[in-house]
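Shown here: run_10.txt, compact mmCIF, C-alpha atoms.
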# COMPACT_ATOMS: atom_id res chain seq x y z
CA MET T 1 -15.70 279.90 196.76
CA ARG T 2 -13.22 280.69 193.99
CA GLU T 3 -12.35 283.89 195.85
CA ILE T 4 -11.58 282.09 199.10
CA TYR T 5 -9.35 279.73 197.13
CA HIS T 6 -7.32 282.64 195.77
CA GLU T 7 -7.14 284.22 199.19
CA GLN T 8 -5.75 280.95 200.52
CA LEU T 9 -3.12 280.87 197.77
CA ASP T 10 -2.14 284.44 198.61
CA ASP T 11 -2.00 283.60 202.31
CA ILE T 12 0.51 280.85 201.56
CA LEU T 13 2.81 283.27 199.75
CA VAL T 14 2.46 285.84 202.55
CA GLU T 15 3.40 283.18 205.07
CA LEU T 16 6.41 282.15 202.95
CA GLU T 17 7.56 285.75 202.82
CA ARG T 18 7.18 286.01 206.59
CA MET T 19 9.27 282.85 207.05
CA THR T 20 11.90 284.32 204.74
CA ARG T 21 12.22 287.38 207.00
CA THR T 22 12.54 285.06 210.01
CA VAL T 23 15.38 283.21 208.27
CA SER T 24 17.07 286.47 207.36
CA ALA T 25 17.00 287.51 211.03
CA ALA T 26 18.37 284.09 212.01
CA VAL T 27 21.29 284.51 209.60
CA ARG T 28 22.05 287.99 210.94
CA ARG T 29 21.85 286.87 214.57
CA SER T 30 23.99 283.77 213.90
CA THR T 31 26.73 285.87 212.37
CA SER T 32 26.54 288.26 215.28
CA ALA T 33 26.64 285.38 217.80
CA LEU T 34 29.72 284.07 216.00
CA LEU T 35 31.57 287.40 215.88
CA THR T 36 30.77 288.48 219.45
CA ALA T 37 30.86 285.02 221.13
CA ASP T 38 27.29 285.66 222.27
CA LEU T 39 26.07 282.37 223.74
CA LYS T 40 22.58 283.60 224.52
CA MET T 41 21.97 284.77 220.98
CA ALA T 42 23.35 281.50 219.57
CA GLU T 43 20.94 279.52 221.80
CA GLN T 44 18.03 281.69 220.66
CA VAL T 45 18.75 281.02 216.98
CA ILE T 46 19.05 277.28 217.63
CA ALA T 47 15.74 277.25 219.55
CA SER T 48 13.89 279.31 216.93
CA ASP T 49 14.75 276.80 214.20
CA VAL T 50 12.14 274.45 215.67
CA ARG T 51 9.45 277.12 215.28
CA LEU T 52 10.46 277.61 211.66
CA ASP T 53 10.04 273.89 211.01
CA VAL T 54 6.56 274.02 212.54
CA SER T 55 5.63 276.98 210.30
CA GLY T 56 6.93 275.01 207.32
CA GLU T 57 4.81 271.98 208.17
CA LEU T 58 1.71 274.17 208.46
CA VAL T 59 2.34 275.65 205.01
CA GLU T 60 2.83 272.16 203.57
CA GLU T 61 -0.45 271.00 205.05
CA LYS T 62 -2.25 273.99 203.53
CA VAL T 63 -0.69 273.22 200.14
CA PHE T 64 -1.69 269.54 200.27
CA ASP T 65 -5.18 270.51 201.35
CA LEU T 66 -5.63 272.93 198.44
CA MET T 67 -4.15 270.42 195.99
CA ALA T 68 -6.60 267.76 197.14
CA ARG T 69 -9.69 269.96 197.34
CA GLN T 70 -9.22 272.34 194.41
CA ALA T 71 -7.54 270.18 191.77
CA PRO T 72 -5.46 273.19 190.72
CA VAL T 73 -4.15 273.63 187.18
CA ALA T 74 -1.85 276.11 185.40
CA ASN T 75 -1.04 279.15 187.54
CA GLU T 76 -2.50 277.84 190.76
CA LEU T 77 -0.78 274.48 190.44
CA ARG T 78 2.53 276.21 189.77
CA THR T 79 2.04 278.41 192.83
CA LEU T 80 1.50 275.38 195.03
CA ILE T 81 4.48 273.47 193.59
CA ALA T 82 6.67 276.55 194.00
CA ALA T 83 5.43 276.89 197.60
CA LEU T 84 6.50 273.30 198.40
CA ARG T 85 9.95 273.95 196.98
CA MET T 86 10.30 277.18 198.91
CA VAL T 87 9.25 275.57 202.20
CA ALA T 88 11.98 272.98 201.71
CA ASP T 89 14.53 275.75 201.01
CA LEU T 90 13.43 277.74 204.06
CA GLU T 91 13.66 274.74 206.37
CA ARG T 92 17.20 274.03 205.16
CA MET T 93 18.24 277.66 205.50
CA GLY T 94 16.96 277.63 209.07
CA ASP T 95 19.01 274.50 209.76
CA LEU T 96 22.10 276.12 208.28
CA ALA T 97 21.67 279.28 210.38
CA ALA T 98 21.37 277.00 213.43
CA HIS T 99 24.57 275.18 212.36
CA ILE T 100 26.38 278.52 212.33
CA SER T 101 25.10 279.30 215.82
CA LYS T 102 26.19 275.85 217.00
CA VAL T 103 29.78 276.67 216.05
CA ALA T 104 29.54 279.85 218.17
CA ARG T 105 28.10 277.78 221.04
CA MET T 106 30.70 275.03 220.75
CA ARG T 107 33.63 277.48 220.96
CA TYR T 108 32.12 279.70 223.67
CA PRO T 109 33.56 281.48 225.67
CA ALA T 110 36.35 281.63 223.09
CA ASP T 111 35.90 283.51 219.82
CA ALA T 112 35.39 281.04 216.98
CA ILE T 113 36.86 283.39 214.38
CA PRO T 114 40.47 284.63 214.41
CA ILE T 115 40.87 288.34 213.84
CA GLU T 116 42.14 288.15 210.26
CA LEU T 117 39.08 286.13 209.20
CA ARG T 118 36.44 288.24 210.91
CA GLY T 119 36.11 290.50 207.87
CA VAL T 120 35.40 287.71 205.40
CA ILE T 121 32.93 285.99 207.76
CA ALA T 122 31.12 289.28 208.38
CA ASP T 123 30.94 289.82 204.60
CA MET T 124 29.60 286.30 204.02
CA GLY T 125 26.96 286.88 206.68
CA ARG T 126 25.97 290.18 205.07
CA VAL T 127 25.75 288.73 201.55
CA ALA T 128 23.76 285.72 202.78
CA GLU T 129 21.36 287.93 204.75
CA ARG T 130 20.92 290.26 201.77
CA MET T 131 20.18 287.34 199.44
CA VAL T 132 17.60 285.89 201.83
CA ASN T 133 15.92 289.30 201.98
CA GLN T 134 16.02 289.54 198.18
CA ALA T 135 14.26 286.17 198.02
CA GLY T 136 11.60 287.63 200.35
CA ASP T 137 11.27 290.68 198.09
CA VAL T 138 10.91 288.46 195.03
CA ILE T 139 8.08 286.52 196.72
CA GLN T 140 6.38 289.80 197.55
CA THR T 141 6.81 291.54 194.20
CA ARG T 142 7.06 288.54 191.81
CA ASP T 143 9.75 290.62 190.08
CA VAL T 144 11.54 288.24 187.72
CA GLN T 145 14.29 290.79 187.02
CA VAL T 146 15.30 290.91 190.70
CA ALA T 147 15.24 287.11 190.72
CA HIS T 148 17.70 287.01 187.83
CA ARG T 149 19.95 289.65 189.43
CA MET T 150 20.35 287.43 192.48
CA GLU T 151 22.55 285.10 190.46
CA SER T 152 25.22 287.82 190.37
CA THR T 153 24.93 288.47 194.11
CA ASP T 154 25.60 284.74 194.43
CA ASP T 155 28.85 285.26 192.50
CA GLU T 156 29.93 287.65 195.31
CA MET T 157 29.52 284.79 197.74
CA ASP T 158 31.68 282.53 195.57
CA THR T 159 34.40 285.20 195.50
CA LEU T 160 34.27 285.53 199.30
CA ARG T 161 34.58 281.79 199.67
CA ARG T 162 37.66 281.73 197.45
CA ASN T 163 39.22 284.56 199.50
CA GLN T 164 38.50 282.64 202.65
CA PHE T 165 40.27 279.55 201.30
CA ARG T 166 43.25 281.66 200.25
CA LEU T 167 43.60 283.09 203.77
CA MET T 168 43.53 279.61 205.27
CA MET T 169 45.87 277.96 202.79
CA ASP T 170 48.57 280.56 203.44
CA ASP T 171 51.72 278.82 204.64
CA ALA T 172 51.85 281.34 207.47
CA TRP T 173 48.46 280.20 208.87
CA PRO T 174 49.07 280.56 212.60
CA HIS T 175 45.92 278.85 213.90
CA SER T 176 44.96 275.30 214.74
CA VAL T 177 43.45 272.72 212.42
CA GLU T 178 40.30 273.01 214.52
CA VAL T 179 39.89 276.67 213.61
CA ALA T 180 40.51 275.92 209.92
CA VAL T 181 37.84 273.21 209.96
CA ASP T 182 35.34 275.53 211.67
CA ILE T 183 35.96 278.25 209.10
CA ALA T 184 35.72 275.87 206.14
CA LEU T 185 32.39 274.49 207.36
CA LEU T 186 31.05 277.96 208.17
CA GLY T 187 31.94 279.05 204.66
CA ARG T 188 30.05 276.07 203.31
CA TYR T 189 26.97 276.94 205.43
CA TYR T 190 26.86 280.54 204.22
CA GLU T 191 27.36 279.42 200.64
CA ARG T 192 24.47 276.96 200.93
CA ILE T 193 22.18 279.62 202.43
CA ALA T 194 22.94 281.76 199.38
CA ASP T 195 22.25 278.81 197.05
CA HIS T 196 18.87 278.22 198.69
CA ALA T 197 18.00 281.92 198.34
CA VAL T 198 18.73 281.65 194.60
CA SER T 199 16.67 278.48 194.46
CA MET T 200 13.72 280.31 196.05
CA ALA T 201 13.99 283.11 193.52
CA ARG T 202 13.98 280.49 190.74
CA SER T 203 10.81 279.00 192.19
CA VAL T 204 9.14 282.41 191.94
CA VAL T 205 10.29 282.66 188.30
CA PHE T 206 8.69 279.26 187.72
CA LEU T 207 5.51 280.45 189.44
CA VAL T 208 5.34 283.55 187.22
CA THR T 209 6.57 282.23 183.88
CA GLY T 210 6.19 278.46 184.04
CA GLU T 211 9.88 278.18 183.23
CA LEU T 212 11.26 275.18 185.12
CA PRO T 213 14.00 276.03 187.62
CA THR T 214 17.14 274.08 186.81
CA PRO T 215 19.00 272.49 189.71
CA GLN T 216 22.17 274.20 190.85
CA MET P 1 -7.63 255.84 180.67
CA ARG P 2 -7.45 255.27 184.42
CA GLU P 3 -5.12 252.35 183.75
CA ILE P 4 -2.71 254.41 181.71
CA TYR P 5 -2.69 256.98 184.53
CA HIS P 6 -1.62 254.34 187.04
CA GLU P 7 0.99 253.01 184.66
CA GLN P 8 2.38 256.52 184.39
CA LEU P 9 2.54 256.84 188.17
CA ASP P 10 4.36 253.51 188.38
CA ASP P 11 6.75 254.58 185.63
CA ILE P 12 7.69 257.62 187.68
CA LEU P 13 8.60 255.48 190.67
CA VAL P 14 10.54 253.04 188.48
CA GLU P 15 12.47 255.97 187.04
CA LEU P 16 13.19 257.32 190.54
CA GLU P 17 14.52 253.93 191.59
CA ARG P 18 16.73 253.82 188.50
CA MET P 19 18.08 257.29 189.34
CA THR P 20 18.76 256.11 192.89
CA ARG P 21 20.94 253.26 191.57
CA THR P 22 22.78 255.77 189.35
CA VAL P 23 23.48 257.93 192.41
CA SER P 24 24.64 254.91 194.40
CA ALA P 25 27.14 254.07 191.62
CA ALA P 26 28.28 257.73 191.58
CA VAL P 27 28.93 257.61 195.34
CA ARG P 28 30.91 254.36 195.01
CA ARG P 29 32.94 255.64 192.08
CA SER P 30 33.64 258.98 193.79
CA THR P 31 35.00 257.24 196.86
CA SER P 32 37.11 255.02 194.66
CA ALA P 33 38.40 258.02 192.67
CA LEU P 34 39.31 259.66 195.96
CA LEU P 35 41.11 256.66 197.45
CA THR P 36 43.01 255.67 194.29
CA ALA P 37 43.64 259.19 192.88
CA ASP P 38 41.83 258.09 189.72
CA LEU P 39 41.37 261.25 187.64
CA LYS P 40 39.48 259.54 184.82
CA MET P 41 36.91 258.09 187.19
CA ALA P 42 36.51 261.44 188.97
CA GLU P 43 35.87 263.15 185.61
CA GLN P 44 33.30 260.52 184.69
CA VAL P 45 31.33 261.09 187.91
CA ILE P 46 31.40 264.86 187.39
CA ALA P 47 30.21 264.49 183.78
CA SER P 48 27.44 262.03 184.67
CA ASP P 49 25.90 264.49 187.17
CA VAL P 50 24.57 266.50 184.21
CA ARG P 51 22.72 263.43 182.90
CA LEU P 52 21.19 262.89 186.33
CA ASP P 53 19.87 266.47 186.34
CA VAL P 54 18.30 265.90 182.91
CA SER P 55 16.61 262.71 184.18
CA GLY P 56 15.32 264.68 187.17
CA GLU P 57 13.85 267.39 184.95
CA LEU P 58 12.07 264.78 182.85
CA VAL P 59 10.52 263.22 185.95
CA GLU P 60 9.42 266.66 187.17
CA GLU P 61 7.77 267.40 183.84
CA LYS P 62 5.89 264.09 183.98
CA VAL P 63 4.73 264.88 187.53
CA PHE P 64 3.51 268.37 186.58
CA ASP P 65 1.76 266.95 183.54
CA LEU P 66 -0.10 264.32 185.58
CA MET P 67 -0.97 266.89 188.25
CA ALA P 68 -2.44 269.22 185.64
CA ARG P 69 -4.28 266.58 183.60
CA GLN P 70 -5.48 264.13 186.26
CA ALA P 71 -6.29 266.38 189.23
CA PRO P 72 -4.95 263.68 191.55
CA VAL P 73 -6.22 263.22 195.11
CA ALA P 74 -5.30 261.02 198.09
CA ASN P 75 -2.83 258.28 197.19
CA GLU P 76 -2.02 259.52 193.72
CA LEU P 77 -1.46 263.08 194.90
CA ARG P 78 0.83 261.83 197.66
CA THR P 79 2.78 259.76 195.14
CA LEU P 80 3.36 262.81 192.95
CA ILE P 81 4.34 265.05 195.86
CA ALA P 82 6.72 262.37 197.16
CA ALA P 83 8.18 262.06 193.66
CA LEU P 84 8.96 265.79 193.54
CA ARG P 85 10.70 265.60 196.89
CA MET P 86 12.71 262.56 195.84
CA VAL P 87 13.81 264.18 192.59
CA ALA P 88 15.15 267.13 194.59
CA ASP P 89 17.00 264.74 196.93
CA LEU P 90 18.47 262.77 194.02
CA GLU P 91 19.69 265.91 192.26
CA ARG P 92 21.42 267.09 195.45
CA MET P 93 22.98 263.67 196.05
CA GLY P 94 24.34 263.71 192.52
CA ASP P 95 25.84 267.15 193.16
CA LEU P 96 27.41 265.93 196.39
CA ALA P 97 28.93 262.87 194.70
CA ALA P 98 30.35 265.25 192.07
CA HIS P 99 31.76 267.46 194.86
CA ILE P 100 33.60 264.43 196.25
CA SER P 101 35.04 263.66 192.81
CA LYS P 102 36.08 267.30 192.45
CA VAL P 103 38.27 266.98 195.56
CA ALA P 104 39.95 263.94 193.97
CA ARG P 105 40.43 265.91 190.74
CA MET P 106 41.77 269.01 192.51
CA ARG P 107 44.45 267.04 194.39
CA TYR P 108 45.43 264.78 191.47
CA PRO P 109 48.08 263.34 191.00
CA ALA P 110 48.50 263.50 194.80
CA ASP P 111 46.34 261.38 197.08
CA ALA P 112 43.72 263.58 198.74
CA ILE P 113 43.46 261.33 201.80
CA PRO P 114 46.36 260.65 204.19
CA ILE P 115 46.86 257.01 205.09
CA GLU P 116 45.43 257.22 208.62
CA LEU P 117 42.15 258.67 207.32
CA ARG P 118 41.62 256.28 204.42
CA GLY P 119 39.75 253.85 206.64
CA VAL P 120 37.19 256.34 207.88
CA ILE P 121 36.63 257.81 204.39
CA ALA P 122 36.19 254.31 202.94
CA ASP P 123 33.67 253.56 205.70
CA MET P 124 31.77 256.78 205.08
CA GLY P 125 31.63 255.97 201.37
CA ARG P 126 30.33 252.46 202.12
CA VAL P 127 27.66 253.66 204.57
CA ALA P 128 26.52 256.41 202.17
CA GLU P 129 26.35 253.97 199.25
CA ARG P 130 24.43 251.45 201.35
CA MET P 131 21.93 254.08 202.45
CA VAL P 132 21.34 255.25 198.89
CA ASN P 133 20.71 251.64 197.87
CA GLN P 134 18.35 251.20 200.83
CA ALA P 135 16.43 254.25 199.61
CA GLY P 136 16.19 252.55 196.21
CA ASP P 137 14.93 249.35 197.87
CA VAL P 138 12.33 251.33 199.82
CA ILE P 139 11.03 252.91 196.60
CA GLN P 140 10.81 249.44 195.04
CA THR P 141 9.20 247.60 197.96
CA ARG P 142 7.38 250.47 199.75
CA ASP P 143 8.58 248.73 202.94
CA VAL P 144 8.01 251.21 205.76
CA GLN P 145 10.01 249.07 208.22
CA VAL P 146 13.17 249.31 206.11
CA ALA P 147 12.57 253.04 205.83
CA HIS P 148 12.49 253.36 209.63
CA ARG P 149 15.61 251.19 210.03
CA MET P 150 17.53 253.61 207.83
CA GLU P 151 17.51 256.14 210.66
CA SER P 152 19.84 253.86 212.63
CA THR P 153 22.17 253.39 209.65
CA ASP P 154 22.32 257.17 209.64
CA ASP P 155 23.56 257.03 213.25
CA GLU P 156 26.54 255.00 211.97
CA MET P 157 27.39 257.90 209.69
CA ASP P 158 27.25 260.34 212.61
CA THR P 159 29.63 258.10 214.58
CA LEU P 160 32.04 257.98 211.64
CA ARG P 161 31.96 261.75 211.35
CA ARG P 162 32.80 262.14 215.05
CA ASN P 163 35.72 259.69 214.66
CA GLN P 164 36.95 261.65 211.69
CA PHE P 165 36.91 264.89 213.70
CA ARG P 166 38.77 263.20 216.54
CA LEU P 167 41.52 262.04 214.19
CA MET P 168 41.92 265.56 212.82
CA MET P 169 41.82 267.38 216.15
CA ASP P 170 44.63 265.25 217.54
CA ASP P 171 47.51 267.49 218.58
CA ALA P 172 49.82 265.20 216.69
CA TRP P 173 48.03 265.91 213.35
CA PRO P 174 50.97 265.86 210.93
CA HIS P 175 49.21 267.15 207.81
CA SER P 176 48.49 270.54 206.34
CA VAL P 177 45.48 272.74 206.98
CA GLU P 178 44.54 272.10 203.35
CA VAL P 179 44.21 268.38 203.98
CA ALA P 180 42.14 269.00 207.13
CA VAL P 181 39.77 271.27 205.22
CA ASP P 182 39.38 268.69 202.42
CA ILE P 183 38.59 265.97 204.93
CA ALA P 184 36.11 268.12 206.86
CA LEU P 185 34.22 269.05 203.69
CA LEU P 186 34.28 265.46 202.40
CA GLY P 187 32.82 264.32 205.71
CA ARG P 188 30.09 266.90 205.33
CA TYR P 189 29.31 265.71 201.75
CA TYR P 190 28.98 262.06 202.81
CA GLU P 191 26.84 263.04 205.78
CA ARG P 192 24.51 265.05 203.55
CA ILE P 193 24.19 262.16 201.06
CA ALA P 194 23.10 259.99 203.99
CA ASP P 195 20.62 262.67 205.13
CA HIS P 196 19.09 262.84 201.66
CA ALA P 197 18.78 259.03 201.57
CA VAL P 198 16.84 259.19 204.86
CA SER P 199 14.73 262.01 203.45
CA MET P 200 13.86 259.84 200.42
CA ALA P 201 12.82 256.98 202.68
CA ARG P 202 10.61 259.41 204.62
CA SER P 203 8.97 260.49 201.38
CA VAL P 204 8.10 256.86 200.68
CA VAL P 205 6.62 256.56 204.19
CA PHE P 206 4.53 259.64 203.39
CA LEU P 207 3.47 258.10 200.08
CA VAL P 208 2.36 254.88 201.83
CA THR P 209 0.90 256.17 205.09
CA GLY P 210 0.13 259.86 204.51
CA GLU P 211 2.33 260.62 207.51
CA LEU P 212 4.12 263.90 206.80
CA PRO P 213 7.90 263.61 206.72
CA THR P 214 9.44 265.95 209.28
CA PRO P 215 12.45 267.97 208.21
CA GLN P 216 15.82 266.82 209.47
Spell out the structure here as structure tokens.
Amino acid sequence: MREIYHEQLDDILVELERMTRTVSAAVRRSTSALLTADLKMAEQVIASDVRLDVSGELVEEKVFDLMARQAPVANELRTLIAALRMVADLERMGDLAAHISKVARMRYPADAIPIELRGVIADMGRVAERMVNQAGDVIQTRDVQVAHRMESTDDEMDTLRRNQFRLMMDDAWPHSVEVAVDIALLGRYYERIADHAVSMARSVVFLVTGELPTPQ
Amino acid sequence: MREIYHEQLDDILVELERMTRTVSAAVRRSTSALLTADLKMAEQVIASDVRLDVSGELVEEKVFDLMARQAPVANELRTLIAALRMVADLERMGDLAAHISKVARMRYPADAIPIELRGVIADMGRVAERMVNQAGDVIQTRDVQVAHRMESTDDEMDTLRRNQFRLMMDDAWPHSVEVAVDIALLGRYYERIADHAVSMARSVVFLVTGELPTPQ
């Protein structure tokens, strides 16, 4: 009985890791859809967000069920609380990846990103994807050190966002207000994906050490 | 013993309602700081966000403590899970109100909002504040009908955001890219505050009916 319970707890973490890899792919594909004006890929990311929400609901139901039937304490309770937090993060990250794809779809067949901003958007996409994958690794390994290192990867994202603003605020900005607004919102979406990845890593630290994650 | 347990559950909801009113005041004051270029008020909102995070951590600790000691099921378990969700929403709303105040602070002593956009920003601020207060009312009354009605208030916010985009995308837009970016991000912050208010109301519906809130 006890063994099945622990298997179920492990299954939840395995499923969360799987969802994390799905989100990472969604981030990569969104960035690609944006940089190559690929309508089909953008539509696929938007459609797959619904499946991610369904996966999230299934994990939540499993957590509630275990909470109600097993009256978990200590470690097990922390695992379930951390799982609920991580589901919420994953659902938001999926939404944000879909938002990015919606910008690609809205501007299609035009390119949403002017040439001089393609580099910074590609970098933001790469950093966000890497951080989501790191969150997946942290779930898999429970490695608190990697979790802490993610905070400095997040600093890279902040630097990219500042560069992006500098490019846009240049008096010589040759593009429309529409483009500037797209870029500013895209920057915000990537930044939030990175924040949620850090938040997931903090939830794993909480799971392992009992140390409460502080809000960002 | 049982009675003290229920008092503690009630205390948590009372505290969440109190935090909701604090957030509502932060939203109102942020909008005011923005529209009157009031640096002192902006600084106050930014400083008070830290206190909100501390309140949130205290509520979380109480929830974890009750979960570990009381092995809650059914109703009580739902209340505690809903409380954790609402704390997360409140902390984010506080951050978003602080983000709004930071725009006011960054542009001070200039006005951040050009005259033709003051109306739509004031309206967004009012709708967001109203929705946060409705979330507080829903916590207090557990009125599922009011919770459902909030979804239509949220539609008002979406309409305002579309109007705001239309004003900015006008070919005759006479302002800088910087102003457009500020306005776009401010619109996003107000919209997210409204989303979190709806999410809180859904958590109360879950608490009352057991119906799982679906992600937005």
Item to check | Test item: chain P residues at most 10 Å from chain T, counting all atoms listed in the file, as a ChimeraX atom specification | outcome: /P:50,53-54,56-57,60-61,64-65,67-74,77-78,81,84-85,88,91-92,95,165,168-171,173,175-185,188,212-216
Checklist entry - Suppose you want the space between CA of Val45 in chain T and CA of Ile115 in chain T; what is it in Å? => result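 Rounded to one decimal, the two atoms are 23.5 Å apart.
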Please provide as a PDB file with C-alpha atoms, in the coordinates of the input all residues within 12 Å of Met106 in chain P, with the sequence filter that same-chain residues fewer than 6 positions apart are discarded (counting only C-alpha atoms).
ATOM      1  CA  ALA P  33      38.400 258.020 192.670  1.00  0.00           C
ATOM      2  CA  LEU P  34      39.310 259.660 195.960  1.00  0.00           C
ATOM      3  CA  ALA P  37      43.640 259.190 192.880  1.00  0.00           C
ATOM      4  CA  ASP P  38      41.830 258.090 189.720  1.00  0.00           C
ATOM      5  CA  LEU P  39      41.370 261.250 187.640  1.00  0.00           C
ATOM      6  CA  ALA P  42      36.510 261.440 188.970  1.00  0.00           C
ATOM      7  CA  GLU P  43      35.870 263.150 185.610  1.00  0.00           C
ATOM      8  CA  HIS P  99      31.760 267.460 194.860  1.00  0.00           C
ATOM      9  CA  ILE P 100      33.600 264.430 196.250  1.00  0.00           C
ATOM     10  CA  ALA P 112      43.720 263.580 198.740  1.00  0.00           C
ATOM     11  CA  GLU P 178      44.540 272.100 203.350  1.00  0.00           C
ATOM     12  CA  VAL P 179      44.210 268.380 203.980  1.00  0.00           C
ATOM     13  CA  ASP P 182      39.380 268.690 202.420  1.00  0.00           C
TER      14      ASP P 182
END
Checklist entry - Nearest to Ala82 in chain T: which of T:Ala122, T:Ala147, T:Leu13, T:Ile4 is it, counting all atoms listed in the file? => result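 Of all the options, T:Leu13 lies closest to Ala82 in chain T.
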Checklist entry - Which value, in Å to one decimal, gives the distance between CA of Val63 in chain T and CA of Thr22 in chain T? => result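 We find that CA of Val63 in chain T and CA of Thr22 in chain T lie 20.3 Å from each other.
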Checklist entry - To one decimal place, how far is CA of Ala197 in chain P from CA of Asp143 in chain P in Å? => result 14.6 Å
Checklist entry - Can you list, as number ranges by chain, every protein, DNA or RNA residue that comes within 8 Å of His196 in chain T when you count all atoms listed in the file, leaving out same-chain residues fewer than 2 positions away? => result T: 89-90, 92-93, 192-194, 198-200
Selection export as a PDB file, in the coordinates of the input, atoms kept: C-alpha atoms:
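What follows is the written file part-v8.pdb:
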ATOM      1  CA  ASP T  89      14.530 275.750 201.010  1.00  0.00           C
ATOM      2  CA  LEU T  90      13.430 277.740 204.060  1.00  0.00           C
ATOM      3  CA  ARG T  92      17.200 274.030 205.160  1.00  0.00           C
ATOM      4  CA  MET T  93      18.240 277.660 205.500  1.00  0.00           C
ATOM      5  CA  ARG T 192      24.470 276.960 200.930  1.00  0.00           C
ATOM      6  CA  ILE T 193      22.180 279.620 202.430  1.00  0.00           C
ATOM      7  CA  ALA T 194      22.940 281.760 199.380  1.00  0.00           C
ATOM      8  CA  VAL T 198      18.730 281.650 194.600  1.00  0.00           C
ATOM      9  CA  SER T 199      16.670 278.480 194.460  1.00  0.00           C
ATOM     10  CA  MET T 200      13.720 280.310 196.050  1.00  0.00           C
TER      11      MET T 200
END
Next on the checklist: Considering only C-alpha atoms, can you say which of T:Leu186, T:Glu191, T:Met86, T:Gly136 comes closest to Ile113 in chain T?
Outcome noted: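 Going through T:Leu186, T:Glu191, T:Met86, T:Gly136 one by one, the smallest distance to Ile113 in chain T is for T:Leu186.
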Checklist outcome for this item: Counting all atoms listed in the file, closest pick from P:Asp158, P:Tyr189, P:Ile139, P:Asp195 relative to Glu17 in chain P is P:Ile139
If you count all atoms listed in the file, which residues fall within 12 Å of Tyr190 in chain T, apart from same-chain ones fewer than 6 positions away, as a PDB file with C-alpha atoms, in the coordinates of the input?
ATOM      1  CA  SER T  24      17.070 286.470 207.360  1.00  0.00           C
ATOM      2  CA  VAL T  27      21.290 284.510 209.600  1.00  0.00           C
ATOM      3  CA  ARG T  28      22.050 287.990 210.940  1.00  0.00           C
ATOM      4  CA  SER T  30      23.990 283.770 213.900  1.00  0.00           C
ATOM      5  CA  THR T  31      26.730 285.870 212.370  1.00  0.00           C
ATOM      6  CA  ARG T  92      17.200 274.030 205.160  1.00  0.00           C
ATOM      7  CA  MET T  93      18.240 277.660 205.500  1.00  0.00           C
ATOM      8  CA  GLY T  94      16.960 277.630 209.070  1.00  0.00           C
ATOM      9  CA  ASP T  95      19.010 274.500 209.760  1.00  0.00           C
ATOM     10  CA  LEU T  96      22.100 276.120 208.280  1.00  0.00           C
ATOM     11  CA  ALA T  97      21.670 279.280 210.380  1.00  0.00           C
ATOM     12  CA  ALA T  98      21.370 277.000 213.430  1.00  0.00           C
ATOM     13  CA  HIS T  99      24.570 275.180 212.360  1.00  0.00           C
ATOM     14  CA  ILE T 100      26.380 278.520 212.330  1.00  0.00           C
ATOM     15  CA  SER T 101      25.100 279.300 215.820  1.00  0.00           C
ATOM     16  CA  VAL T 120      35.400 287.710 205.400  1.00  0.00           C
ATOM     17  CA  ILE T 121      32.930 285.990 207.760  1.00  0.00           C
ATOM     18  CA  ALA T 122      31.120 289.280 208.380  1.00  0.00           C
ATOM     19  CA  ASP T 123      30.940 289.820 204.600  1.00  0.00           C
ATOM     20  CA  MET T 124      29.600 286.300 204.020  1.00  0.00           C
ATOM     21  CA  GLY T 125      26.960 286.880 206.680  1.00  0.00           C
ATOM     22  CA  ARG T 126      25.970 290.180 205.070  1.00  0.00           C
ATOM     23  CA  VAL T 127      25.750 288.730 201.550  1.00  0.00           C
ATOM     24  CA  ALA T 128      23.760 285.720 202.780  1.00  0.00           C
ATOM     25  CA  GLU T 129      21.360 287.930 204.750  1.00  0.00           C
ATOM     26  CA  ARG T 130      20.920 290.260 201.770  1.00  0.00           C
ATOM     27  CA  MET T 131      20.180 287.340 199.440  1.00  0.00           C
ATOM     28  CA  VAL T 132      17.600 285.890 201.830  1.00  0.00           C
ATOM     29  CA  ASP T 154      25.600 284.740 194.430  1.00  0.00           C
ATOM     30  CA  GLU T 156      29.930 287.650 195.310  1.00  0.00           C
ATOM     31  CA  MET T 157      29.520 284.790 197.740  1.00  0.00           C
ATOM     32  CA  ASP T 158      31.680 282.530 195.570  1.00  0.00           C
ATOM     33  CA  LEU T 160      34.270 285.530 199.300  1.00  0.00           C
ATOM     34  CA  ARG T 161      34.580 281.790 199.670  1.00  0.00           C
ATOM     35  CA  GLN T 164      38.500 282.640 202.650  1.00  0.00           C
ATOM     36  CA  ILE T 183      35.960 278.250 209.100  1.00  0.00           C
ATOM     37  CA  ALA T 184      35.720 275.870 206.140  1.00  0.00           C
ATOM     38  CA  HIS T 196      18.870 278.220 198.690  1.00  0.00           C
ATOM     39  CA  ALA T 197      18.000 281.920 198.340  1.00  0.00           C
TER      40      ALA T 197
END
Write out as AutoDock Vina command-line options an axis-aligned box for range 193-207 of chain T: all of its atoms listed in the file, 8 Å added on each side, centre and edge lengths in Å with one decimal.
--center_x 14.2 --center_y 280.7 --center_z 195.1 --size_x 33.4 --size_y 20.9 --size_z 30.7
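Using all atoms listed in the file, the nearest neighbour of Asn133 in chain T within the list T:Thr20, T:Thr209, T:Ser55, T:Thr159 is T:Thr20.
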